[in-house]
Amino acid sequence: MSRFLNRVGLGRPELRAWALYDWANSAWVLSVMTVIFPLYFERVLAAGADEGVALQRYAWITSAALLVVAVLSPVLGAMADFAGIRKRLLGVFLGIGALATAALFFVRQGDWLLGALLFALANVGAQGAFVFYDSLLGHVAKPHEVDRVSTAGYAVGYLGSTLLLSLQLAWMFRPAWFGLPSGDGLSPADATLPQRLVFVSTAVWWVVFSIPLFRGVPEPPRRIETDERPGQNAARVALERLRETFRDLRSYREAFLLLVAFLVYNDGIGTIIRMGVIYAAELEIETAAIIGSLLAAQIVGIPFAFLFGGLAGRIGPKRAILIGLGVYVGVTIYAFFLDSAMEFFALSVVIATVQGGTQALSRSLFTSLIPAHRTGEFFGFYGILDKFAAFTGPAVFGLGVALTGSVRSGILPVLLYFLVGGLLLTRVDVEAGRRAARAAEEDLVSAG
């Protein structure tokens, strides 16, 4: 077992504790964000709305939530570095997200505005927590480990979220097995009870499996500057350092260029993740077929996330990401012509072969291009671009639907994001970026 754990990048206890947060939070991403809530919103909360209206509302509110995180991320990242409170801020956002998710239990038919607002708040919690979780990667993993550890985190997340969703689907489709109301003639509250229990169970799962990170991953040392004075206001210092960070980040040319490329291509990835289920529902693909396809995709994603870590070790993370983006170009074109449950199943499985690996290697590649002592700040900018990408994608998707009246029109702009983002990524000189990051670390040690 120890040999296997070492091979996949989880050989030390702190690495496993860090990866378990992916197990915890990915359950929210799959069960709530990707599968159950979009269907619950479209078929219960927004029931009776005109065709395309539910998708537009869902897109706008999702975008608004991610815009909030995008604005907060860099400031909070700088505060976390200054005060040494990354884990504490991760816990705050986790609490916000888990409480908002559990509160969805009380949202009933027609309450689309309340449901959308709670879902937006849960998004703020989940995505905000990811900023601080991602920034811990460079502190728990050694430079030669980051690709394998990052992809292992995604694989563990696939596994955990698949297990929980499988259990949730069991009580949704066979409620009598679990003592839940079943049969004909149920009240609206009883008929939706299995779905609403998904929200509560996901919140509990998220909190419980986050505990190992708080217990087993040490808080990174706070960043100390030579001009630091006792009693300084953390927020004010954070804003000052944020301006410095933006100026300094531009001096790390390769890291900055990677962020620009990531901003573009991750817009496409985020849009597919967030809008895929509700897109399929609007095309009148049956709920069981949608959920079954996504569950199969999760299972496929587990080995492929590990495989991408090995592929990066052979050809480098940049080339592996470019392969993933090439696959996304193909599936985006295919999605425009999507017309059946079987086609949606095939599309979901193909996406699963590259989704986890592409995102994990983007995270680890960025980690390798920045100085370790400034990961909180730099990941704040990584987070803001991640969230702005997620913010613009659903908004553009919704705008396309609103202007044309066709849900298929929303998928077309996504193709350009992958093409342009991939082109920018080809211009990143990874080795030059890594040399610049290590030189900055050595300068800090010399100054100390």
# chains A, B, ... in the order shown; residues from 1 in each chain; ligands from 1
>>> residues_around(residues="Leu163 in chain A", least_positions_apart="5", cutoff="12 Å", atoms="only C-alpha atoms", output="list in words")
Trp23, Ala24, Ser26, Ala27, Leu30, Ser31, Val156, Gly157, Tyr158, Gln168, Leu169, Ala170, Thr202, Trp205, Leu295, Ala296, Gln298, Ile299 and Ile302 of chain A
>>> write_last_selection(atoms="N, CA and C atoms", output="compact mmCIF listing (two decimals), in the first residue's frame")
# COMPACT_ATOMS: atom_id res chain seq x y z
N TRP A 23 -11.85 15.26 -1.70
CA TRP A 23 -12.90 14.25 -1.44
C TRP A 23 -14.12 14.93 -0.84
N ALA A 24 -13.91 15.87 0.07
CA ALA A 24 -15.01 16.54 0.77
C ALA A 24 -15.74 17.52 -0.14
N SER A 26 -15.45 18.09 -3.49
CA SER A 26 -15.89 17.63 -4.80
C SER A 26 -17.29 17.03 -4.74
N ALA A 27 -17.68 16.55 -3.58
CA ALA A 27 -19.05 16.06 -3.42
C ALA A 27 -20.05 17.20 -3.64
N LEU A 30 -20.10 17.99 -7.46
CA LEU A 30 -20.84 17.02 -8.27
C LEU A 30 -22.32 16.98 -7.90
N SER A 31 -22.61 16.71 -6.64
CA SER A 31 -24.00 16.48 -6.24
C SER A 31 -24.85 17.74 -6.34
N VAL A 156 -8.96 11.62 -6.03
CA VAL A 156 -9.62 11.36 -4.75
C VAL A 156 -10.97 12.06 -4.72
N GLY A 157 -11.02 13.27 -5.27
CA GLY A 157 -12.30 13.99 -5.33
C GLY A 157 -13.32 13.26 -6.19
N TYR A 158 -12.90 12.74 -7.34
CA TYR A 158 -13.80 11.95 -8.18
C TYR A 158 -14.36 10.76 -7.41
N GLN A 168 -26.87 8.88 -2.82
CA GLN A 168 -27.98 9.83 -2.96
C GLN A 168 -28.94 9.42 -4.07
N LEU A 169 -28.40 8.91 -5.16
CA LEU A 169 -29.27 8.45 -6.24
C LEU A 169 -30.10 7.25 -5.80
N ALA A 170 -29.52 6.41 -4.94
CA ALA A 170 -30.26 5.25 -4.45
C ALA A 170 -31.50 5.68 -3.70
N THR A 202 -24.90 16.40 1.62
CA THR A 202 -23.68 16.93 1.00
C THR A 202 -22.99 17.91 1.93
N TRP A 205 -21.23 15.86 4.64
CA TRP A 205 -20.05 15.20 4.04
C TRP A 205 -18.90 16.19 3.89
N LEU A 295 -22.65 10.03 -13.64
CA LEU A 295 -22.08 9.07 -12.70
C LEU A 295 -21.03 8.20 -13.39
N ALA A 296 -21.32 7.77 -14.60
CA ALA A 296 -20.34 6.99 -15.36
C ALA A 296 -19.09 7.82 -15.64
N GLN A 298 -17.88 10.18 -13.77
CA GLN A 298 -17.10 10.28 -12.54
C GLN A 298 -16.19 9.06 -12.37
N ILE A 299 -16.75 7.90 -12.64
CA ILE A 299 -15.97 6.66 -12.49
C ILE A 299 -14.80 6.65 -13.49
N ILE A 302 -11.69 8.92 -12.45
CA ILE A 302 -10.75 8.53 -11.38
C ILE A 302 -9.43 8.05 -11.96
>>> select_by_dssp(residues="range 132-344 of chain A", states="alpha helix (DSSP H)", output="JSON, numbers by chain")
{"A": [132, 133, 134, 135, 137, 138, 139, 140, 146, 147, 148, 149, 150, 151, 152, 153, 154, 155, 156, 157, 158, 159, 160, 161, 162, 163, 164, 165, 166, 167, 168, 169, 170, 171, 172, 173, 188, 189, 190, 191, 193, 194, 195, 196, 197, 198, 199, 200, 201, 202, 203, 204, 205, 206, 207, 208, 211, 212, 213, 214, 215, 216, 234, 235, 236, 237, 238, 239, 240, 241, 242, 243, 244, 245, 246, 247, 248, 249, 250, 251, 253, 254, 255, 256, 257, 258, 259, 260, 261, 262, 263, 264, 265, 266, 267, 268, 269, 270, 271, 272, 273, 274, 275, 276, 277, 278, 279, 280, 281, 282, 287, 288, 289, 290, 291, 292, 293, 294, 295, 296, 297, 298, 299, 300, 301, 302, 303, 304, 305, 306, 307, 308, 309, 310, 311, 312, 313, 314, 315, 317, 318, 319, 320, 321, 322, 323, 324, 325, 326, 327, 328, 329, 330, 331, 332, 333, 334, 335, 336, 341, 342, 343, 344]}
>>> closest_residue(among="A:Val428, A:Ala288, A:Phe344, A:Gly185", to="Thr332 in chain A", atoms="only C-alpha atoms")
A:Phe344
>>> residues_around(residues="Tyr21 in chain A", least_positions_apart="6", cutoff="8 Å", atoms="only C-alpha atoms", output="ChimeraX atom specification")
/A:133,157,209-210,212-213
>>> closest_residue(among="A:Trp18, A:Tyr252, A:Phe119, A:Phe345", to="Ile285 in chain A", atoms="only C-alpha atoms")
A:Phe345
>>> closest_residue(among="A:Leu311, A:Leu325, A:Ile290, A:Ala116", to="Ser340 in chain A", atoms="only C-alpha atoms")
A:Ile290
>>> atom_distance(atom1="CA of Ile96 in chain A", atom2="CA of Arg57 in chain A")
22.4 Å
>>> closest_residue(among="A:Ala305, A:Leu412, A:Ala100, A:Val300", to="Thr271 in chain A", atoms="only C-alpha atoms")
A:Leu412
>>> residues_around(residues="Ala98 in chain A", least_positions_apart="5", cutoff="9 Å", atoms="only C-alpha atoms", output="ChimeraX atom specification")
/A:28,93,103,122,125-126,200,202-204,206-207
>>> atom_distance(atom1="CA of Trp112 in chain A", atom2="CA of Val29 in chain A")
19.9 Å
>>> closest_residue(among="A:Ala289, A:Val53, A:Ile61, A:Val35", to="Ser406 in chain A", atoms="only C-alpha atoms")
A:Val53
>>> closest_residue(among="A:Gly326, A:Gly270, A:Gly421, A:Gly84", to="Leu258 in chain A", atoms="only C-alpha atoms")
A:Gly421
>>> atom_distance(atom1="CA of Ile370 in chain A", atom2="CA of Ala255 in chain A")
6.7 Å
